[in-house]
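Novice: Let me begin by handing over the structure; questions about it come next.
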Amino acid sequence: MSQIDSGTLYIVATPIGNLGDISFRAVEVLAQVDRIYAEDTRNSIRLLQHYQITNSLHALHDHNEERKINEIALLLAEGKSLALISDAGTPLISDPGYKLVRTLSRQGANIVAVPGPSALIAALSIAGIATDRFCFEGFLPAKKQSRLQRLETLAKYPQTQVFYESSHRIVACVQAMISTMGGHREVALARELTKVYEQVFRGTLETLSCWLAEDNYHQKGEFVLVLGGYRGDTSLTGGRMDSEQLLSILLAELPVKQAASLAAKISGLSRNEAYKLALMLQQKDH
Ligand code: SAM
């Protein structure tokens, strides 16, 4: 049994889809604290019911966080133990709680992490893209111009970058990346992690764009996009031509296999990626 300390705020990570992905300690803490603050109480009630936790749930979201800070500080001062959870994953990671933790930590409150799932770490762990250093970008700005500006500042960043994206912006996000970074950049897109229709696409921004267009269903759900860092201009064409243009030229003269093999040598794409892209281009033409 976990020991629950009085006058302590526990920041508890919860599943990002599969309800089984919660730690024993998280369940014990949620069952034993005096009250739980949740981003959306209707959503969190399902998780609590699943684990037969009958604790009291109180809302803490972006719109009331500032007002709730005093209430929480008073409860902690009275010796109450409290937990904060978000709808999914780790609180404060593109979720509410930062202002609360910032203020309380400055007041010397006891704040304890109960670690667990986060979509960003889950995606990184399976992307097959460098993990020794990475930068978490969260959600890109919703407005097109600001999104492009943000991506331009990242275009020459040499380390892995991780983005969160929703279904209604994933296509625009990939297009904006292609226009600022070129289509040959390595990428992995993790979709619906830990859920029934979980999928991971690994390739380049160009092949990802084709994969998204191939089937509407590929654009549905929640996404983490893991982007490889800038590697300089590795292509013999000096970056003036992207892999799609190059393949189109080669395909006009050569059979698919040969065109893909040559394109891979010239552009730095893997043979497999070049072959997939060549097939997609061929289908587009017919
Ligand atoms: N706090 C959460 C965490 O630790 O991952 C993130 C919350 S943020 C509001 C929600 C975003 O996280 C989604 O739009 C998506 O980009 C990503 N995400 C959450 N669950 C996911 C899943 N099961 N598969 C893929 N991405 C997910």
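We label chains A, B, ... in the order they appear in the structure tokens, count residues from 1 in each chain, and number ligands from 1 in the order shown.
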Could you give me the residues within 8 Å of ligand 1, counting only C-alpha atoms and all ligand atoms, as an NGL selection string?

Specialist: :A and (13 or 16-17 or 86-95 or 117-121 or 123 or 138-139 or 163-166 or 190-195 or 198 or 221-225)

Novice: Can I get the selection written as a PDB file, in the first residue's frame, with C-alpha atoms?

Specialist:
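Output below, filename out15.pdb:
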ATOM      1  CA  ALA A  13      -0.577  10.458 -14.766  1.00  0.00           C
ATOM      2  CA  ILE A  16      -3.883   7.876 -22.892  1.00  0.00           C
ATOM      3  CA  GLY A  17      -6.386   5.329 -24.197  1.00  0.00           C
ATOM      4  CA  SER A  86      -6.044  15.495 -16.639  1.00  0.00           C
ATOM      5  CA  ASP A  87      -8.238  13.888 -19.305  1.00  0.00           C
ATOM      6  CA  ALA A  88      -5.360  11.721 -20.482  1.00  0.00           C
ATOM      7  CA  GLY A  89      -1.670  11.274 -19.811  1.00  0.00           C
ATOM      8  CA  THR A  90       0.436  13.503 -17.604  1.00  0.00           C
ATOM      9  CA  PRO A  91      -1.078  16.734 -16.234  1.00  0.00           C
ATOM     10  CA  LEU A  92       0.665  19.979 -17.319  1.00  0.00           C
ATOM     11  CA  ILE A  93       1.910  18.373 -20.581  1.00  0.00           C
ATOM     12  CA  SER A  94      -0.285  20.403 -22.975  1.00  0.00           C
ATOM     13  CA  ASP A  95      -2.855  20.199 -20.164  1.00  0.00           C
ATOM     14  CA  PRO A 117       1.753   7.594 -19.516  1.00  0.00           C
ATOM     15  CA  SER A 118       2.359  10.552 -21.775  1.00  0.00           C
ATOM     16  CA  ALA A 119       1.643  10.435 -25.506  1.00  0.00           C
ATOM     17  CA  LEU A 120       4.896  12.236 -26.293  1.00  0.00           C
ATOM     18  CA  ILE A 121       7.097   9.635 -24.589  1.00  0.00           C
ATOM     19  CA  ALA A 123       5.414   8.013 -29.483  1.00  0.00           C
ATOM     20  CA  GLY A 138       3.242  20.566 -28.206  1.00  0.00           C
ATOM     21  CA  PHE A 139       0.506  21.964 -30.470  1.00  0.00           C
ATOM     22  CA  PHE A 163       4.351  17.753 -31.967  1.00  0.00           C
ATOM     23  CA  TYR A 164       0.809  17.066 -30.806  1.00  0.00           C
ATOM     24  CA  GLU A 165      -1.888  17.354 -33.458  1.00  0.00           C
ATOM     25  CA  SER A 166      -5.617  16.860 -33.805  1.00  0.00           C
ATOM     26  CA  ALA A 190       1.713   7.810 -34.096  1.00  0.00           C
ATOM     27  CA  ARG A 191      -2.066   7.659 -34.275  1.00  0.00           C
ATOM     28  CA  GLU A 192      -4.483   6.537 -31.520  1.00  0.00           C
ATOM     29  CA  LEU A 193      -1.702   5.113 -29.327  1.00  0.00           C
ATOM     30  CA  THR A 194      -2.793   2.281 -27.004  1.00  0.00           C
ATOM     31  CA  LYS A 195      -6.310   2.312 -28.533  1.00  0.00           C
ATOM     32  CA  GLU A 198      -3.507   2.281 -33.069  1.00  0.00           C
ATOM     33  CA  GLY A 221      -8.077  10.377 -34.105  1.00  0.00           C
ATOM     34  CA  GLU A 222      -5.275  11.783 -31.988  1.00  0.00           C
ATOM     35  CA  PHE A 223      -1.725  12.161 -33.275  1.00  0.00           C
ATOM     36  CA  VAL A 224       1.831  12.605 -32.145  1.00  0.00           C
ATOM     37  CA  LEU A 225       4.187  13.617 -34.932  1.00  0.00           C
TER      38      LEU A 225
END

Novice: Mind checking which residues fall within 10 Å of A:Val12, counting only C-alpha atoms, ignoring those fewer than 2 positions away in the same chain, and posting them as a list in words?

Specialist: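 Everything that qualifies: Leu9, Tyr10, Thr14, Ile22, Ser23, Arg25, Ala26, Val27, Val29, Leu30, Ile36, Ala83, Leu84, Ile85, Ser86, Gly89, Thr90, Pro91, Val112, Ala113, Val114, Pro115, Gly116 and Pro117 of chain A.
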
Novice: My list of candidates is A:Phe136, A:Arg46, A:Glu71, A:Asn272. Which is closest to A:Val256 when distances are computed with only C-alpha atoms?

Specialist: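 Smallest distance to A:Val256 is found for A:Asn272.
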
Novice: Kindly give the distance, in Å, that separates atom CA of A:Leu100 and atom CA of A:Ala73, rounded to a single decimal.

Specialist: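 Computing it gives 9.2 Å between the two atoms.
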
Novice: If we count only C-alpha atoms and set the cut-off at 12 Å, which residues sit around A:Thr153, ignoring sequence neighbours fewer than 4 positions away in its own chain? Please answer as a ChimeraX atom specification.

Specialist: /A:137,146-149,157-158,177,180-181,230

Novice: Restricting it to N, CA, C and O atoms, dump the selection as an mmCIF file, in the first residue's frame.

Specialist:
data_model
loop_
_atom_site.group_PDB
_atom_site.id
_atom_site.type_symbol
_atom_site.label_atom_id
_atom_site.label_comp_id
_atom_site.auth_asym_id
_atom_site.auth_seq_id
_atom_site.Cartn_x
_atom_site.Cartn_y
_atom_site.Cartn_z
ATOM 1 N N GLU A 137 7.378 20.311 -28.846
ATOM 2 C CA GLU A 137 6.763 21.544 -29.336
ATOM 3 C C GLU A 137 5.277 21.630 -28.999
ATOM 4 O O GLU A 137 4.650 22.654 -29.224
ATOM 5 N N SER A 146 1.045 32.011 -38.240
ATOM 6 C CA SER A 146 1.849 31.774 -37.031
ATOM 7 C C SER A 146 2.441 30.372 -37.063
ATOM 8 O O SER A 146 3.553 30.148 -36.591
ATOM 9 N N ARG A 147 1.677 29.428 -37.631
ATOM 10 C CA ARG A 147 2.170 28.049 -37.721
ATOM 11 C C ARG A 147 3.422 27.992 -38.617
ATOM 12 O O ARG A 147 4.435 27.416 -38.252
ATOM 13 N N LEU A 148 3.334 28.688 -39.763
ATOM 14 C CA LEU A 148 4.474 28.700 -40.685
ATOM 15 C C LEU A 148 5.688 29.375 -40.035
ATOM 16 O O LEU A 148 6.812 28.902 -40.144
ATOM 17 N N GLN A 149 5.407 30.464 -39.320
ATOM 18 C CA GLN A 149 6.522 31.179 -38.657
ATOM 19 C C GLN A 149 7.219 30.286 -37.645
ATOM 20 O O GLN A 149 8.443 30.220 -37.577
ATOM 21 N N TYR A 157 16.667 23.168 -36.937
ATOM 22 C CA TYR A 157 16.945 22.612 -35.603
ATOM 23 C C TYR A 157 17.468 21.177 -35.775
ATOM 24 O O TYR A 157 16.801 20.345 -36.407
ATOM 25 N N PRO A 158 18.659 20.869 -35.242
ATOM 26 C CA PRO A 158 19.284 19.585 -35.581
ATOM 27 C C PRO A 158 18.747 18.380 -34.809
ATOM 28 O O PRO A 158 19.084 17.251 -35.146
ATOM 29 N N MET A 177 4.786 21.745 -42.847
ATOM 30 C CA MET A 177 6.144 21.225 -42.600
ATOM 31 C C MET A 177 6.878 21.013 -43.924
ATOM 32 O O MET A 177 8.057 21.321 -44.052
ATOM 33 N N THR A 180 8.057 24.331 -45.322
ATOM 34 C CA THR A 180 9.146 25.021 -44.602
ATOM 35 C C THR A 180 10.405 24.170 -44.472
ATOM 36 O O THR A 180 11.501 24.714 -44.322
ATOM 37 N N MET A 181 10.260 22.846 -44.523
ATOM 38 C CA MET A 181 11.414 21.984 -44.228
ATOM 39 C C MET A 181 11.785 21.059 -45.379
ATOM 40 O O MET A 181 12.785 20.359 -45.315
ATOM 41 N N TYR A 230 17.158 18.467 -38.490
ATOM 42 C CA TYR A 230 17.759 18.935 -39.753
ATOM 43 C C TYR A 230 19.123 18.283 -39.932
ATOM 44 O O TYR A 230 19.941 18.273 -39.017
#

Novice: For atom CA of A:Ser179 and atom CA of A:Tyr197, determine how far apart the two atoms are, in Å to one decimal place.

Specialist: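 Computed distance, atom CA of A:Ser179 to atom CA of A:Tyr197, equals 29.5 Å.
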
Novice: Grab the atom CA of A:Glu273 to atom CA of A:Lys144 distance for me, in Å with one decimal place.

Specialist: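 According to the coordinates, atom CA of A:Glu273 and atom CA of A:Lys144 are separated by 28.6 Å.
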
Novice: Within stretch 67-198 of chain A, find each residue whose DSSP state, derived from the backbone, is helix (DSSP H, G or I), and express the selection as number ranges by chain.

Specialist: A: 67-77, 98-106, 119-127, 144-154, 170-181

Novice: Go ahead and write the selection's residues with N, CA and C atoms as a short mmCIF file (atom, residue, chain, number, x, y, z; two decimals), in the first residue's frame.

Specialist:
data_model
loop_
_atom_site.label_atom_id
_atom_site.label_comp_id
_atom_site.auth_asym_id
_atom_site.auth_seq_id
_atom_site.Cartn_x
_atom_site.Cartn_y
_atom_site.Cartn_z
N ARG A 67 -8.61 30.72 -10.12
CA ARG A 67 -9.51 30.84 -8.97
C ARG A 67 -9.32 29.68 -7.99
N LYS A 68 -8.95 28.52 -8.50
CA LYS A 68 -8.86 27.31 -7.66
C LYS A 68 -7.57 27.27 -6.84
N ILE A 69 -6.58 28.08 -7.24
CA ILE A 69 -5.28 27.99 -6.57
C ILE A 69 -5.40 28.27 -5.07
N ASN A 70 -6.14 29.32 -4.71
CA ASN A 70 -6.29 29.66 -3.27
C ASN A 70 -6.98 28.55 -2.52
N GLU A 71 -8.05 28.03 -3.12
CA GLU A 71 -8.81 26.94 -2.47
C GLU A 71 -7.87 25.76 -2.18
N ILE A 72 -7.06 25.41 -3.18
CA ILE A 72 -6.17 24.25 -3.03
C ILE A 72 -5.07 24.54 -2.00
N ALA A 73 -4.54 25.78 -2.02
CA ALA A 73 -3.49 26.14 -1.05
C ALA A 73 -4.04 26.03 0.37
N LEU A 74 -5.31 26.46 0.56
CA LEU A 74 -5.91 26.39 1.91
C LEU A 74 -6.10 24.95 2.36
N LEU A 75 -6.58 24.11 1.43
CA LEU A 75 -6.80 22.70 1.77
C LEU A 75 -5.47 22.02 2.15
N LEU A 76 -4.41 22.35 1.41
CA LEU A 76 -3.10 21.76 1.72
C LEU A 76 -2.63 22.24 3.09
N ALA A 77 -2.87 23.53 3.37
CA ALA A 77 -2.45 24.08 4.67
C ALA A 77 -3.21 23.40 5.82
N TYR A 98 -0.17 24.01 -14.83
CA TYR A 98 1.12 24.72 -14.70
C TYR A 98 1.03 25.87 -13.68
N LYS A 99 -0.03 26.70 -13.81
CA LYS A 99 -0.13 27.87 -12.91
C LYS A 99 -0.22 27.39 -11.46
N LEU A 100 -0.98 26.33 -11.26
CA LEU A 100 -1.17 25.78 -9.91
C LEU A 100 0.17 25.32 -9.34
N VAL A 101 0.89 24.50 -10.10
CA VAL A 101 2.14 23.93 -9.59
C VAL A 101 3.18 25.03 -9.41
N ARG A 102 3.19 25.98 -10.32
CA ARG A 102 4.15 27.10 -10.22
C ARG A 102 3.90 27.88 -8.94
N THR A 103 2.63 28.26 -8.71
CA THR A 103 2.32 29.07 -7.53
C THR A 103 2.58 28.30 -6.24
N LEU A 104 2.08 27.06 -6.18
CA LEU A 104 2.23 26.29 -4.95
C LEU A 104 3.69 25.96 -4.66
N SER A 105 4.46 25.69 -5.71
CA SER A 105 5.87 25.35 -5.46
C SER A 105 6.61 26.56 -4.91
N ARG A 106 6.22 27.76 -5.36
CA ARG A 106 6.86 28.97 -4.84
C ARG A 106 6.46 29.22 -3.39
N ALA A 119 1.64 10.79 -24.08
CA ALA A 119 1.64 10.43 -25.51
C ALA A 119 2.99 10.77 -26.14
N LEU A 120 3.63 11.83 -25.67
CA LEU A 120 4.90 12.24 -26.29
C LEU A 120 5.98 11.19 -26.09
N ILE A 121 6.06 10.64 -24.88
CA ILE A 121 7.10 9.64 -24.59
C ILE A 121 6.74 8.31 -25.26
N ALA A 122 5.45 7.97 -25.25
CA ALA A 122 5.04 6.71 -25.90
C ALA A 122 5.40 6.76 -27.39
N ALA A 123 5.12 7.90 -28.05
CA ALA A 123 5.41 8.01 -29.48
C ALA A 123 6.92 7.97 -29.74
N LEU A 124 7.68 8.69 -28.93
CA LEU A 124 9.14 8.71 -29.11
C LEU A 124 9.72 7.31 -28.97
N SER A 125 9.15 6.54 -28.05
CA SER A 125 9.72 5.22 -27.75
C SER A 125 9.54 4.24 -28.90
N ILE A 126 8.67 4.54 -29.85
CA ILE A 126 8.45 3.60 -30.96
C ILE A 126 8.71 4.23 -32.33
N ALA A 127 9.07 5.53 -32.35
CA ALA A 127 9.20 6.23 -33.64
C ALA A 127 10.37 5.71 -34.47
N LYS A 144 -2.65 29.84 -39.66
CA LYS A 144 -1.70 29.40 -40.69
C LYS A 144 -0.37 30.17 -40.64
N GLN A 145 -0.48 31.51 -40.57
CA GLN A 145 0.73 32.33 -40.63
C GLN A 145 1.63 32.07 -39.43
N SER A 146 1.04 32.01 -38.24
CA SER A 146 1.85 31.77 -37.03
C SER A 146 2.44 30.37 -37.06
N ARG A 147 1.68 29.43 -37.63
CA ARG A 147 2.17 28.05 -37.72
C ARG A 147 3.42 27.99 -38.62
N LEU A 148 3.33 28.69 -39.76
CA LEU A 148 4.47 28.70 -40.68
C LEU A 148 5.69 29.38 -40.04
N GLN A 149 5.41 30.46 -39.32
CA GLN A 149 6.52 31.18 -38.66
C GLN A 149 7.22 30.29 -37.65
N ARG A 150 6.41 29.57 -36.86
CA ARG A 150 7.00 28.67 -35.84
C ARG A 150 7.86 27.60 -36.52
N LEU A 151 7.32 27.04 -37.62
CA LEU A 151 8.05 25.97 -38.31
C LEU A 151 9.33 26.51 -38.95
N GLU A 152 9.27 27.74 -39.44
CA GLU A 152 10.49 28.31 -40.04
C GLU A 152 11.60 28.43 -39.01
N THR A 153 11.22 28.79 -37.76
CA THR A 153 12.27 28.90 -36.73
C THR A 153 12.84 27.52 -36.37
N LEU A 154 12.07 26.47 -36.66
CA LEU A 154 12.53 25.11 -36.31
C LEU A 154 13.22 24.40 -37.47
N ILE A 170 -4.23 17.85 -38.97
CA ILE A 170 -3.04 17.06 -39.27
C ILE A 170 -2.55 17.26 -40.71
N VAL A 171 -3.49 17.36 -41.66
CA VAL A 171 -3.08 17.50 -43.07
C VAL A 171 -2.40 18.86 -43.27
N ALA A 172 -3.01 19.91 -42.72
CA ALA A 172 -2.44 21.26 -42.86
C ALA A 172 -1.07 21.33 -42.18
N CYS A 173 -0.94 20.64 -41.07
CA CYS A 173 0.33 20.65 -40.32
C CYS A 173 1.44 20.01 -41.17
N VAL A 174 1.15 18.87 -41.79
CA VAL A 174 2.16 18.18 -42.61
C VAL A 174 2.50 19.03 -43.84
N GLN A 175 1.48 19.64 -44.45
CA GLN A 175 1.75 20.51 -45.62
C GLN A 175 2.65 21.67 -45.24
N ALA A 176 2.37 22.26 -44.07
CA ALA A 176 3.19 23.41 -43.62
C ALA A 176 4.62 22.95 -43.35
N MET A 177 4.79 21.75 -42.85
CA MET A 177 6.14 21.23 -42.60
C MET A 177 6.88 21.01 -43.92
N ILE A 178 6.16 20.49 -44.92
CA ILE A 178 6.79 20.25 -46.22
C ILE A 178 7.24 21.60 -46.82
N SER A 179 6.37 22.61 -46.69
CA SER A 179 6.73 23.88 -47.34
C SER A 179 7.87 24.59 -46.61
N THR A 180 8.06 24.33 -45.32
CA THR A 180 9.15 25.02 -44.60
C THR A 180 10.41 24.17 -44.47
N MET A 181 10.26 22.85 -44.52
CA MET A 181 11.41 21.98 -44.23
C MET A 181 11.79 21.06 -45.38
#

Novice: Find the residues near A:His184: any atom within 9 Å, counting only C-alpha atoms, skip ones fewer than 6 places away on the same chain, and give them as a PyMOL selection string.

Specialist: chain A and resi 178+203-207+242-244+267-269

Novice: Skipping near chain neighbours, those fewer than 2 positions away, what residues fall within 7 Å of A:Ala130 using only C-alpha atoms, listed as a PyMOL selection string?

Specialist: chain A and resi 128+132+160

Novice: Taking only C-alpha atoms into account, which of A:Leu251, A:Cys135, A:Leu227, A:Ala260 comes nearest A:Leu208?

Specialist: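 Smallest distance to A:Leu208 is found for A:Leu227.
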
Novice: Calculated over only C-alpha atoms, which of the candidates A:Asn64, A:Thr54, A:Asn18, A:Asn216 has the smallest distance to A:Asp40?

Specialist: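 Nearest to A:Asp40: A:Asn64.
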
Novice: Any chance you could list, as a list in words, the residues in stretch 10-109 of chain A that come up strand (DSSP E) when DSSP is run on the backbone?

Specialist: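 Assigned to strand (DSSP E), within stretch 10-109 of chain A: Tyr10, Ile11, Val12, Arg35, Ile36, Tyr37, Ala38, Leu57, His58, Ala59, Leu82, Ala83, Leu84 and Ile85 of chain A.
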
Novice: May I ask which of the residues A:Leu279, A:Ala142, A:Leu212, A:Leu250 is the closest one to A:Ala263, counting only C-alpha atoms?

Specialist: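 Closest to A:Ala263, using only C-alpha atoms: A:Leu250.
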
Novice: Counting only C-alpha atoms, which of A:Ile4, A:Leu246, A:Ile266, A:Cys210 gets nearest to A:Gln283?

Specialist: A:Cys210

Novice: From the options A:Gln159, A:Ser6, A:Gln32, A:Ser209, which residue's atoms come nearest to A:Ala109, counting only C-alpha atoms?

Specialist: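 Of A:Gln159, A:Ser6, A:Gln32, A:Ser209, the one nearest A:Ala109 is A:Ser6, counting only C-alpha atoms.
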